[in-house]
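**Student:** My structure is stored as upload33.tsv, with TSV, C-alpha atoms and all ligand atoms.
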chain	number	residue	atom	x	y	z
A	1	MET	CA	0.00	0.00	0.00
A	2	LYS	CA	1.40	3.36	-0.98
A	3	ILE	CA	0.86	6.16	1.54
A	4	LEU	CA	1.83	9.71	0.75
A	5	SER	CA	1.88	11.95	3.81
A	6	VAL	CA	2.21	15.70	3.97
A	7	VAL	CA	3.85	18.20	6.32
A	8	GLY	CA	4.15	21.94	5.83
A	9	ALA	CA	4.62	23.92	9.03
A	10	ARG	CA	6.20	23.56	12.45
A	11	PRO	CA	3.25	22.07	14.34
A	12	ASN	CA	3.00	19.28	11.75
A	13	PHE	CA	6.43	17.85	12.45
A	14	MET	CA	5.77	16.44	15.93
A	15	LYS	CA	2.59	14.85	14.55
A	16	ILE	CA	4.23	13.13	11.59
A	17	ALA	CA	7.29	11.80	13.46
A	18	PRO	CA	5.53	8.93	15.30
A	19	PHE	CA	3.52	8.04	12.19
A	20	CYS	CA	6.68	7.75	10.04
A	21	ARG	CA	8.37	5.64	12.69
A	22	GLU	CA	5.42	3.29	13.02
A	23	LEU	CA	4.93	2.90	9.27
A	24	SER	CA	8.59	2.04	8.84
A	25	LYS	CA	8.05	-1.08	11.02
A	26	HIS	CA	5.66	-2.56	8.45
A	27	PRO	CA	7.08	-3.62	5.08
A	28	GLU	CA	3.63	-3.64	3.50
A	29	PHE	CA	3.70	0.17	3.38
A	30	ASN	CA	5.51	2.20	0.77
A	31	HIS	CA	5.69	5.63	2.39
A	32	VAL	CA	6.44	8.89	0.58
A	33	LEU	CA	6.87	12.03	2.70
A	34	VAL	CA	6.14	15.42	1.11
A	35	HIS	CA	7.18	18.75	2.70
A	36	THR	CA	5.31	21.68	1.19
A	37	GLY	CA	7.86	24.18	2.55
A	38	GLN	CA	5.30	26.49	4.21
A	39	HIS	CA	7.89	26.80	6.98
A	40	TYR	CA	11.44	26.88	5.68
A	41	ASP	CA	13.81	28.48	8.24
A	42	THR	CA	16.16	25.96	9.83
A	43	ARG	CA	14.73	26.73	13.26
A	44	MET	CA	11.12	26.41	12.06
A	45	SER	CA	11.64	23.23	10.07
A	46	ASP	CA	14.97	21.35	9.63
A	47	SER	CA	15.80	21.28	13.34
A	48	PHE	CA	12.62	19.26	14.00
A	49	PHE	CA	13.55	16.65	11.40
A	50	LEU	CA	16.87	16.19	13.18
A	51	ASP	CA	15.54	16.32	16.75
A	52	LEU	CA	12.62	13.98	16.09
A	53	ASP	CA	14.38	11.57	13.69
A	54	ILE	CA	11.96	12.30	10.87
A	55	PRO	CA	13.30	10.93	7.59
A	56	ALA	CA	14.28	13.63	5.09
A	57	PRO	CA	11.29	14.45	2.90
A	58	ASP	CA	11.21	12.49	-0.35
A	59	ILE	CA	9.73	15.52	-2.09
A	60	HIS	CA	10.00	19.22	-1.19
A	61	LEU	CA	7.64	21.71	-2.79
A	62	ASN	CA	9.44	24.89	-1.56
A	63	ILE	CA	6.23	26.92	-1.35
A	64	GLY	CA	7.43	29.45	1.28
A	65	SER	CA	5.48	32.40	2.69
A	66	GLY	CA	2.69	34.42	1.13
A	67	THR	CA	-0.95	35.30	1.55
A	68	HIS	CA	-3.31	32.44	2.33
A	69	ALA	CA	-4.46	32.23	-1.27
A	70	GLU	CA	-0.87	32.26	-2.50
A	71	GLN	CA	0.19	29.52	-0.09
A	72	VAL	CA	-2.84	27.31	-0.70
A	73	GLY	CA	-2.89	27.94	-4.45
A	74	LYS	CA	0.82	27.32	-5.01
A	75	THR	CA	0.70	24.21	-2.82
A	76	MET	CA	-2.25	22.81	-4.78
A	77	ILE	CA	-0.54	23.37	-8.13
A	78	GLU	CA	2.71	21.70	-7.04
A	79	PHE	CA	1.08	18.93	-5.03
A	80	GLU	CA	-1.18	17.94	-7.91
A	81	LYS	CA	1.92	17.17	-10.00
A	82	VAL	CA	3.29	15.00	-7.20
A	83	VAL	CA	0.03	13.07	-6.79
A	84	ARG	CA	-0.22	12.40	-10.52
A	85	GLU	CA	3.35	11.14	-10.58
A	86	GLU	CA	3.25	9.09	-7.37
A	87	LYS	CA	-0.32	7.72	-7.62
A	88	PRO	CA	-0.63	6.87	-3.90
A	89	ASP	CA	-3.42	4.71	-2.48
A	90	TRP	CA	-3.82	7.08	0.45
A	91	ILE	CA	-2.90	10.66	1.28
A	92	VAL	CA	-2.44	11.42	4.97
A	93	VAL	CA	-2.57	14.99	6.28
A	94	VAL	CA	-2.05	16.20	9.85
A	95	GLY	CA	-3.20	19.22	11.86
A	96	ASP	CA	-4.78	22.35	10.47
A	97	VAL	CA	-2.25	24.47	8.60
A	98	ASN	CA	-2.60	25.74	5.04
A	99	ALA	CA	-0.67	22.74	3.70
A	100	THR	CA	-3.23	20.41	5.32
A	101	CYS	CA	-6.15	22.06	3.58
A	102	ALA	CA	-4.45	22.53	0.18
A	103	CYS	CA	-3.33	18.91	-0.08
A	104	SER	CA	-6.71	17.59	1.07
A	105	ILE	CA	-8.47	19.36	-1.77
A	106	VAL	CA	-5.97	18.02	-4.30
A	107	ALA	CA	-6.32	14.49	-2.90
A	108	LYS	CA	-10.06	14.38	-3.46
A	109	LYS	CA	-9.95	16.08	-6.84
A	110	GLU	CA	-7.49	13.38	-7.87
A	111	HIS	CA	-9.82	10.70	-6.40
A	112	ILE	CA	-7.29	9.55	-3.82
A	113	LYS	CA	-8.46	8.36	-0.41
A	114	LEU	CA	-7.70	10.86	2.34
A	115	ALA	CA	-6.98	10.41	6.04
A	116	HIS	CA	-6.74	13.26	8.55
A	117	ILE	CA	-4.76	12.90	11.76
A	118	GLU	CA	-6.08	15.30	14.45
A	119	ALA	CA	-9.58	15.47	12.99
A	120	GLY	CA	-12.69	16.92	14.62
A	121	LEU	CA	-11.18	19.86	16.51
A	122	ARG	CA	-13.45	22.90	16.33
A	123	SER	CA	-12.96	26.33	17.84
A	124	GLY	CA	-16.27	27.55	16.42
A	125	ASP	CA	-14.37	30.66	15.27
A	126	ILE	CA	-14.49	30.82	11.50
A	127	ASP	CA	-12.24	33.89	11.54
A	128	MET	CA	-9.32	31.61	12.40
A	129	PRO	CA	-7.58	30.40	9.25
A	130	GLU	CA	-7.04	27.05	10.96
A	131	GLU	CA	-10.80	26.58	11.51
A	132	VAL	CA	-11.37	26.95	7.76
A	133	ASN	CA	-8.62	24.41	7.16
A	134	ARG	CA	-10.10	21.98	9.68
A	135	LEU	CA	-13.63	22.20	8.26
A	136	VAL	CA	-12.50	21.67	4.67
A	137	THR	CA	-10.12	18.85	5.52
A	138	ASP	CA	-12.58	16.95	7.68
A	139	ARG	CA	-15.39	17.31	5.15
A	140	LEU	CA	-13.18	15.67	2.54
A	141	SER	CA	-11.52	12.94	4.61
A	142	ASP	CA	-12.38	9.25	4.30
A	143	ILE	CA	-10.91	8.41	7.71
A	144	LEU	CA	-10.94	10.92	10.55
A	145	PHE	CA	-8.41	10.08	13.27
A	146	THR	CA	-9.61	11.96	16.34
A	147	PRO	CA	-7.64	12.91	19.47
A	148	ASP	CA	-10.48	13.09	22.02
A	149	ARG	CA	-14.20	12.54	22.59
A	150	PHE	CA	-15.06	16.22	22.03
A	151	SER	CA	-13.81	15.78	18.47
A	152	ASN	CA	-15.92	12.66	17.96
A	153	ALA	CA	-18.98	14.60	19.12
A	154	ASN	CA	-18.18	17.54	16.82
A	155	LEU	CA	-17.96	15.27	13.81
A	156	LYS	CA	-21.13	13.42	14.68
A	157	ALA	CA	-22.97	16.75	15.11
A	158	GLU	CA	-21.84	17.63	11.58
A	159	GLY	CA	-23.37	14.41	10.29
A	160	VAL	CA	-20.19	12.40	9.78
A	161	ASP	CA	-20.92	8.69	9.75
A	162	SER	CA	-19.26	6.95	12.69
A	163	SER	CA	-17.66	4.41	10.32
A	164	ARG	CA	-15.36	7.23	9.15
A	165	ILE	CA	-14.30	8.22	12.67
A	166	ALA	CA	-11.39	6.45	14.37
A	167	PHE	CA	-10.77	7.64	17.94
A	168	VAL	CA	-7.04	7.04	18.35
A	169	GLY	CA	-5.85	9.68	20.83
A	170	ASN	CA	-3.36	12.51	20.52
A	171	ILE	CA	-0.33	11.79	18.36
A	172	MET	CA	1.56	14.85	19.72
A	173	ILE	CA	1.74	13.03	23.02
A	174	ASP	CA	3.50	10.09	21.34
A	175	THR	CA	6.27	12.52	20.53
A	176	LEU	CA	6.23	14.05	24.01
A	177	GLU	CA	6.58	10.62	25.61
A	178	THR	CA	9.35	9.50	23.22
A	179	GLN	CA	11.35	12.68	23.65
A	180	ARG	CA	10.72	13.66	27.29
A	181	ASP	CA	13.89	11.99	28.63
A	182	LYS	CA	16.07	13.83	26.14
A	183	ALA	CA	14.41	17.11	27.11
A	184	ILE	CA	14.69	16.76	30.86
A	185	VAL	CA	18.48	16.52	30.90
A	186	ARG	CA	18.92	19.89	29.18
A	187	ASN	CA	20.56	22.58	31.27
A	188	VAL	CA	18.25	25.60	31.10
A	189	PRO	CA	20.75	28.45	31.73
A	190	ASP	CA	23.13	26.98	29.10
A	191	MET	CA	20.32	26.61	26.62
A	192	VAL	CA	18.98	30.10	27.26
A	193	ARG	CA	22.47	31.57	26.75
A	194	ARG	CA	22.83	29.61	23.51
A	195	GLU	CA	19.45	30.68	22.16
A	196	LEU	CA	19.46	34.35	23.19
A	197	LEU	CA	18.11	36.43	20.32
A	198	VAL	CA	19.43	39.66	21.81
A	199	PRO	CA	22.56	39.70	24.00
A	200	ARG	CA	21.80	40.43	27.67
A	201	ASP	CA	22.56	39.26	31.20
A	202	ILE	CA	20.70	36.17	32.31
A	203	PRO	CA	19.01	36.34	35.73
A	204	ASP	CA	18.93	33.39	38.07
A	205	LEU	CA	16.70	30.76	36.45
A	206	ALA	CA	15.47	28.77	39.41
A	207	GLU	CA	13.38	25.71	38.60
A	208	ASN	CA	9.64	26.35	38.69
A	209	ASN	CA	10.19	30.07	38.79
A	210	TRP	CA	10.15	31.33	35.23
A	211	ALA	CA	7.33	32.19	32.87
A	212	VAL	CA	7.27	31.11	29.23
A	213	LEU	CA	5.46	33.09	26.55
A	214	THR	CA	4.69	32.16	22.95
A	215	MET	CA	2.40	34.20	20.76
A	216	HIS	CA	1.96	34.21	17.00
A	217	ARG	CA	-1.76	34.24	16.12
A	218	PRO	CA	-2.74	37.05	13.77
A	219	SER	CA	-5.56	37.91	16.22
A	220	ASN	CA	-2.96	38.71	18.91
A	221	VAL	CA	-0.01	40.12	17.01
A	222	ASP	CA	-1.31	41.83	13.88
A	223	GLN	CA	-2.98	44.88	15.51
A	224	ILE	CA	-1.16	47.30	17.79
A	225	GLU	CA	-4.35	47.90	19.81
A	226	THR	CA	-4.24	44.25	20.88
A	227	LEU	CA	-0.53	43.60	20.99
A	228	LYS	CA	0.58	46.66	22.98
A	229	PRO	CA	-1.55	46.09	26.13
A	230	LEU	CA	-0.55	42.42	26.13
A	231	VAL	CA	3.12	43.30	25.86
A	232	ASP	CA	2.78	45.99	28.53
A	233	PHE	CA	1.22	43.56	31.01
A	234	LEU	CA	3.77	40.85	30.36
A	235	THR	CA	6.83	43.07	30.41
A	236	ASP	CA	5.76	45.49	33.18
A	237	GLU	CA	3.99	43.12	35.57
A	238	VAL	CA	5.03	39.50	35.01
A	239	THR	CA	8.74	40.36	34.81
A	240	GLU	CA	8.44	41.93	38.29
A	241	ASP	CA	7.59	38.46	39.64
A	242	MET	CA	9.81	36.18	37.58
A	243	PRO	CA	11.94	36.05	34.42
A	244	LEU	CA	9.89	35.92	31.22
A	245	LEU	CA	11.37	33.61	28.58
A	246	TRP	CA	9.97	34.39	25.14
A	247	PRO	CA	10.93	32.21	22.16
A	248	ILE	CA	9.77	34.47	19.42
A	249	HIS	CA	7.98	33.53	16.19
A	250	PRO	CA	9.22	35.36	13.05
A	251	ARG	CA	5.76	36.87	12.49
A	252	THR	CA	5.67	38.30	16.03
A	253	GLN	CA	9.19	39.71	15.83
A	254	LYS	CA	8.26	41.50	12.62
A	255	GLN	CA	5.08	42.96	14.14
A	256	LEU	CA	6.82	44.15	17.35
A	257	GLN	CA	9.38	45.95	15.22
A	258	ILE	CA	6.74	47.55	12.98
A	259	PHE	CA	4.76	48.75	16.03
A	260	GLY	CA	7.81	50.21	17.82
A	261	LEU	CA	7.53	47.76	20.73
A	262	TRP	CA	10.78	45.94	20.12
A	263	GLU	CA	13.06	48.11	22.33
A	264	LYS	CA	10.87	47.66	25.39
A	265	VAL	CA	10.44	43.94	24.86
A	266	ARG	CA	14.09	43.23	24.31
A	267	LYS	CA	15.04	44.99	27.54
A	268	LYS	CA	12.43	43.39	29.76
A	269	ALA	CA	11.87	39.88	28.38
A	270	ILE	CA	14.48	37.25	27.66
A	271	LEU	CA	14.00	36.93	23.93
A	272	LEU	CA	14.98	33.60	22.42
A	273	ASN	CA	15.17	32.22	18.91
A	274	PRO	CA	12.40	29.82	17.88
A	275	LEU	CA	13.40	26.78	19.93
A	276	GLY	CA	13.97	23.18	19.00
A	277	TYR	CA	11.58	20.57	20.34
A	278	HIS	CA	13.62	19.42	23.34
A	279	ASP	CA	14.48	22.93	24.46
A	280	MET	CA	10.83	23.94	24.40
A	281	VAL	CA	9.69	20.88	26.36
A	282	ARG	CA	12.46	21.54	28.88
A	283	LEU	CA	11.31	25.13	29.42
A	284	ASN	CA	7.77	23.89	29.82
A	285	ILE	CA	8.76	21.26	32.40
A	286	GLY	CA	10.39	23.91	34.62
A	287	ALA	CA	7.92	26.75	34.04
A	288	ARG	CA	5.82	28.24	36.81
A	289	ILE	CA	3.35	29.42	34.18
A	290	MET	CA	2.87	29.31	30.41
A	291	PHE	CA	1.27	32.12	28.40
A	292	THR	CA	0.47	30.92	24.89
A	293	ASP	CA	-1.81	31.09	21.91
A	294	SER	CA	-0.44	27.83	20.49
A	295	GLY	CA	-2.65	24.75	20.26
A	296	GLY	CA	0.11	22.19	20.78
A	297	LEU	CA	1.45	23.90	23.89
A	298	GLN	CA	-2.00	23.79	25.52
A	299	GLU	CA	-1.87	20.03	25.07
A	300	GLU	CA	1.70	19.64	26.31
A	301	CYS	CA	0.91	21.80	29.38
A	302	CYS	CA	-2.05	19.52	30.10
A	303	VAL	CA	0.14	16.40	30.20
A	304	LEU	CA	3.07	18.10	31.95
A	305	GLY	CA	0.73	19.90	34.36
A	306	THR	CA	2.08	23.39	33.71
A	307	PRO	CA	-0.53	26.05	34.57
A	308	CYS	CA	-1.36	27.64	31.22
A	309	LEU	CA	-3.10	30.89	30.34
A	310	THR	CA	-4.36	30.51	26.80
A	311	LEU	CA	-4.31	33.90	25.10
A	312	ARG	CA	-7.43	33.22	23.07
A	313	TRP	CA	-11.19	33.61	23.46
A	314	ASN	CA	-11.91	30.06	22.33
A	315	THR	CA	-10.10	26.82	21.86
A	316	GLU	CA	-10.52	23.85	19.57
A	317	ARG	CA	-8.96	21.83	22.39
A	318	PRO	CA	-11.47	22.11	25.28
A	319	ILE	CA	-10.06	18.97	26.86
A	320	THR	CA	-7.03	21.04	27.90
A	321	LEU	CA	-9.17	23.43	29.99
A	322	ARG	CA	-9.35	23.30	33.75
A	323	GLU	CA	-13.10	22.71	33.71
A	324	HIS	CA	-12.40	19.49	31.82
A	325	GLY	CA	-9.49	18.43	34.00
A	326	GLY	CA	-6.67	20.14	32.08
A	327	ALA	CA	-4.21	22.89	33.01
A	328	SER	CA	-5.40	25.80	30.84
A	329	VAL	CA	-7.63	28.81	31.33
A	330	LEU	CA	-8.96	30.80	28.38
A	331	VAL	CA	-8.09	34.44	29.00
A	332	GLY	CA	-8.38	36.02	25.54
A	333	ASN	CA	-6.42	39.21	25.13
A	334	ASP	CA	-8.11	41.35	27.78
A	335	VAL	CA	-5.48	42.42	30.28
A	336	ASN	CA	-7.79	42.65	33.29
A	337	ARG	CA	-8.91	39.11	32.73
A	338	ILE	CA	-5.35	37.90	32.17
A	339	ARG	CA	-4.15	39.62	35.35
A	340	ALA	CA	-6.89	38.05	37.49
A	341	ALA	CA	-6.28	34.56	36.08
A	342	TYR	CA	-2.51	35.01	36.47
A	343	LYS	CA	-2.82	35.76	40.20
A	344	ASP	CA	-5.16	32.84	40.61
A	345	VAL	CA	-3.00	30.38	38.70
A	346	LEU	CA	0.13	31.31	40.66
A	347	GLN	CA	-1.48	29.69	43.70
A	348	LEU	CA	-1.88	26.36	41.89
A	349	GLU	CA	0.25	23.28	42.12
A	350	ARG	CA	1.46	21.58	38.94
A	351	THR	CA	-1.11	18.85	38.19
A	352	PRO	CA	-0.29	16.58	35.22
A	353	GLN	CA	-3.32	15.07	33.49
A	354	ARG	CA	-3.65	12.35	30.92
A	355	PRO	CA	-6.82	12.47	28.81
A	356	GLU	CA	-8.11	9.19	27.43
A	357	LEU	CA	-5.75	7.64	24.85
A	358	TRP	CA	-3.10	10.34	25.28
A	359	ASP	CA	-0.83	7.45	26.15
A	360	GLY	CA	1.98	7.58	23.61
A	361	HIS	CA	0.49	4.82	21.42
A	362	THR	CA	-1.64	6.81	19.00
A	363	ALA	CA	0.54	6.17	15.94
A	364	GLU	CA	0.29	2.42	16.57
A	365	ARG	CA	-3.50	2.67	16.58
A	366	ILE	CA	-3.46	4.68	13.36
A	367	VAL	CA	-1.27	2.18	11.57
A	368	GLU	CA	-3.38	-0.71	12.90
A	369	THR	CA	-6.41	1.03	11.43
A	370	PHE	CA	-4.72	1.17	8.05
A	371	LEU	CA	-3.72	-2.48	8.34
A	372	SER	CA	-7.19	-3.67	9.35
A	373	ARG	CA	-9.67	-1.38	7.59
A	374	VAL	CA	-7.88	-0.33	4.48
A	375	HIS	CA	-7.55	-2.34	1.28
B	401	LIG	C1	1.29	28.75	10.69
B	401	LIG	C2	-0.08	28.09	10.80
B	401	LIG	C3	-0.52	28.09	12.26
B	401	LIG	C4	0.53	27.49	13.17
B	401	LIG	C5	1.84	28.22	12.93
B	401	LIG	C6	2.97	27.69	13.78
B	401	LIG	C7	-1.59	28.40	8.89
B	401	LIG	C8	-2.81	29.08	8.43
B	401	LIG	N1	-1.09	28.82	10.06
B	401	LIG	O1	1.15	30.11	11.06
B	401	LIG	O2	-1.70	27.32	12.37
B	401	LIG	O3	0.12	27.61	14.51
B	401	LIG	O4	2.19	28.07	11.55
B	401	LIG	O5	4.13	28.42	13.53
B	401	LIG	O6	-1.12	27.50	8.23
B	401	LIG	N2	8.15	32.91	8.52
B	401	LIG	C9	9.51	32.88	8.58
B	401	LIG	N3	10.14	31.67	8.47
B	401	LIG	C10	9.47	30.52	8.29
B	401	LIG	C11	8.07	30.56	8.20
B	401	LIG	C12	7.42	31.76	8.34
B	401	LIG	O7	10.15	33.91	8.74
B	401	LIG	O8	10.11	29.45	8.20
B	401	LIG	C13	7.45	34.21	8.68
B	401	LIG	C14	7.11	34.83	7.35
B	401	LIG	O9	7.22	36.22	7.50
B	401	LIG	C15	5.65	34.47	7.16
B	401	LIG	C16	5.15	34.48	8.61
B	401	LIG	O10	6.25	33.99	9.37
B	401	LIG	O11	4.98	35.35	6.32
B	401	LIG	C17	3.94	33.65	8.84
B	401	LIG	O12	4.14	32.31	8.37
B	401	LIG	P1	2.89	31.41	7.90
B	401	LIG	O13	3.33	30.07	7.53
B	401	LIG	O14	2.11	32.18	6.89
B	401	LIG	O15	1.96	31.36	9.16
B	401	LIG	P2	2.28	31.16	10.72
B	401	LIG	O16	1.93	32.41	11.42
B	401	LIG	O17	3.64	30.58	10.95
Give the structure from the file, written as structure tokens.
Ligand code: UD1
**Tutor:**
Amino acid sequence: MKILSVVGARPNFMKIAPFCRELSKHPEFNHVLVHTGQHYDTRMSDSFFLDLDIPAPDIHLNIGSGTHAEQVGKTMIEFEKVVREEKPDWIVVVGDVNATCACSIVAKKEHIKLAHIEAGLRSGDIDMPEEVNRLVTDRLSDILFTPDRFSNANLKAEGVDSSRIAFVGNIMIDTLETQRDKAIVRNVPDMVRRELLVPRDIPDLAENNWAVLTMHRPSNVDQIETLKPLVDFLTDEVTEDMPLLWPIHPRTQKQLQIFGLWEKVRKKAILLNPLGYHDMVRLNIGARIMFTDSGGLQEECCVLGTPCLTLRWNTERPITLREHGGASVLVGNDVNRIRAAYKDVLQLERTPQRPELWDGHTAERIVETFLSRVH
């Protein structure tokens, strides 16, 4: 059976790694890995292939950055050529980035069966580009591999027949469990010194006494009216309590510079390059608190138990929220709300949680599904 799987952007890599590894154990699969090139910087892409032992892509489309239409359109044009040449039995896409959506459309227009890993997540917010990608991809997929029971319910509510839904758990957690030991031995001050984006003195980084911030969503970083109050709270108030470690996404760096916020941020926060997988997990393990708008980090905080303030008004991952047993609180981008939740969360103990089937064996279940259901 020939399986062609697709990655494009950073959050895809930790989802594809366990799948590649598991497929490679079964000689009945001929696996072709395609990288669309949506993310291309070494720190946003290549470093994850090395850290997570992902085989080098068989095919690279080199799409790069652009508007959504440019990214999706160029990916579709190039991916169609690949599909016609390779003629796979199945196309497998992961997550919710533009590459996921573009390649799903091509798959079905070329009459190839499509499987989606991380299906059924819904934020209900159609203004998020990822929500558009999720809706399109799931509508087109023949098998929907879901990470949790909320996702199963979302798909059923949309009328998806249960024969198409395979509840397999969260594949990101396979990667977390495989890599955790390599992360934990990292020395944080050494790593922070190595990854400093702007030279500066490093304060004492006592375990369980630093904050980590990641932020890249257009809804948080693209308007000064939103970004400035957030930055002011984080740099004026949080840094009074503890060091603020901020691995910075290229989009966010660009916006801070455009809005004239860069000087303040670089003085008050400890700005880091985009981090490799193990470095990021290590920071998470020792963090007192995480501020993030990333989906994957909400999930990793849940399993590691790190109190997490999710800088969004909604989440497609409700299982990570405190009301459902997780470690996150939705705080949006309203500073008063963030401040109140911050004070509250500082009183909490770290409480690791393990949602159903977030057990490190999701890729095995996915490959078993292919072996048993797919001909
Ligand atoms: C994309 C995903 C988002 C995911 C995020 C993780 C979509 C719609 N969004 O958003 O779901 O959470 O990746 O990072 O697919 N850039 C670089 N180097 C790179 C890649 C990007 O400098 O290797 C800069 C470019 O200026 C680019 C900008 O970052 O224009 C945004 O990149 P893009 O891929 O469009 O979206 P992300 O914000 O990264």
**Student:** Within 10 Å of ligand LIG 401 (chain B), counting only C-alpha atoms and all ligand atoms: which residues, as a PyMOL selection string?
**Tutor:** chain A and resi 8-12+37-46+63-68+70-72+95-101+128-133+215-218+221+249-255+274+293-296
**Student:** Expressed in Å to a single decimal, how great is the separation between atom CA of A:Met14 and atom CA of A:His35?
**Tutor:**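 Rounded to one decimal, the two atoms are 13.5 Å apart.
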**Student:** I'd like the contact shell of A:Thr306 - 12 Å cut-off, only C-alpha atoms, skipping same-chain residues fewer than 3 positions apart - returned as a PyMOL selection string.
**Tutor:** chain A and resi 208-212+281-292+297-303+309-310+320-322+326-329+345-346+348-353
**Student:** Would you compute an axis-aligned box for stretch 267-274 of chain A, covering every atom listed for it in the file with 5 Å of margin on each side, and report centre and edge lengths in Å to one decimal as AutoDock Vina command-line options?
**Tutor:**
--center_x 13.5 --center_y 37.4 --center_z 23.8 --size_x 13.3 --size_y 25.2 --size_z 21.9
**Student:** Please list as a ChimeraX atom specification every residue within 12 Å of A:Val367, counting all atoms listed in the file and excluding residues in the same chain fewer than 6 positions away.
**Tutor:** /A:1,3,18-26,28-29,92,115,117,145,166,168,171,361,373-374
**Student:** By how many Å are atom CA of A:Glu118 and atom CA of A:Ala153 apart?
**Tutor:**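 Atom CA of A:Glu118 sits 13.7 Å away from atom CA of A:Ala153.
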**Student:** Between atom CA of A:Ile54 and atom CA of A:Ala17, what is the distance in Å, rounded to a tenth?
**Tutor:**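 Interatomic distance here is 5.4 Å.
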**Student:** Kindly indicate which residue among A:Asp201, A:Asp174, A:Asp138, A:Asp232 lies nearest to A:Leu52, using only C-alpha atoms for the distances.
**Tutor:**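 Result for the nearest residue to A:Leu52: A:Asp174.
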**Student:** Determine, counting all atoms listed in the file, which protein, DNA and RNA residues have an atom within 12 Å of an atom of stretch 183-187 of chain A; residues of the same chain fewer than 3 positions away are not included. Present the result as a PyMOL selection string.
**Tutor:** chain A and resi 51-52+175-180+190-194+205-207+276-286+304
**Student:** For A:Gln347, work out the shell of residues within 12 Å, counting all atoms listed in the file and skipping chain neighbours fewer than 4 positions away, then give it as JSON, numbers by chain.
**Tutor:** {"A": [288, 289, 307, 340, 341, 342, 343]}
**Student:** Nearest to A:Glu85 among A:Val7, A:Ile319, A:Ile202, A:Val32, with distances taken over only C-alpha atoms: which residue is it?
**Tutor:**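 Smallest separation from A:Glu85 among the options: A:Val32.
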**Student:** Taking all atoms listed in the file into account, which of A:Asn314, A:Ser47, A:Lys2, A:Lys108 comes nearest A:Ile126?
**Tutor:**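 The closest residue to A:Ile126 is A:Asn314.
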**Student:** Looking at only C-alpha atoms, which of A:Gly124, A:Pro203, A:Pro147, A:Pro88 is the one that sits closest to A:Ile366?
**Tutor:**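 Among the listed residues, A:Pro147 lies closest to A:Ile366.
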**Student:** Near A:Lys87, within 12 Å and counting only C-alpha atoms, which residues show up once chain neighbours fewer than 6 positions away are dropped, as a list in words?
**Tutor:**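 Answer for this query is Met1, Lys2, Ile3, Leu4, Asn30, His31, Val32, Phe79, Glu80, Lys81, Ala107, Glu110, His111, Ile112 and Lys113 of chain A.
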**Student:** With distances taken over only C-alpha atoms, which of A:Val198, A:Ala269, A:Lys228, A:Cys103 is nearest to A:Met242?
**Tutor:**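 So, comparing all the options, the nearest one is A:Ala269.
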**Student:** When distances are computed from only C-alpha atoms, which of A:His116, A:Arg339, A:Arg164, A:Lys156 shows the smallest separation from A:Asp236?
**Tutor:**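 Smallest separation from A:Asp236 among the options: A:Arg339.
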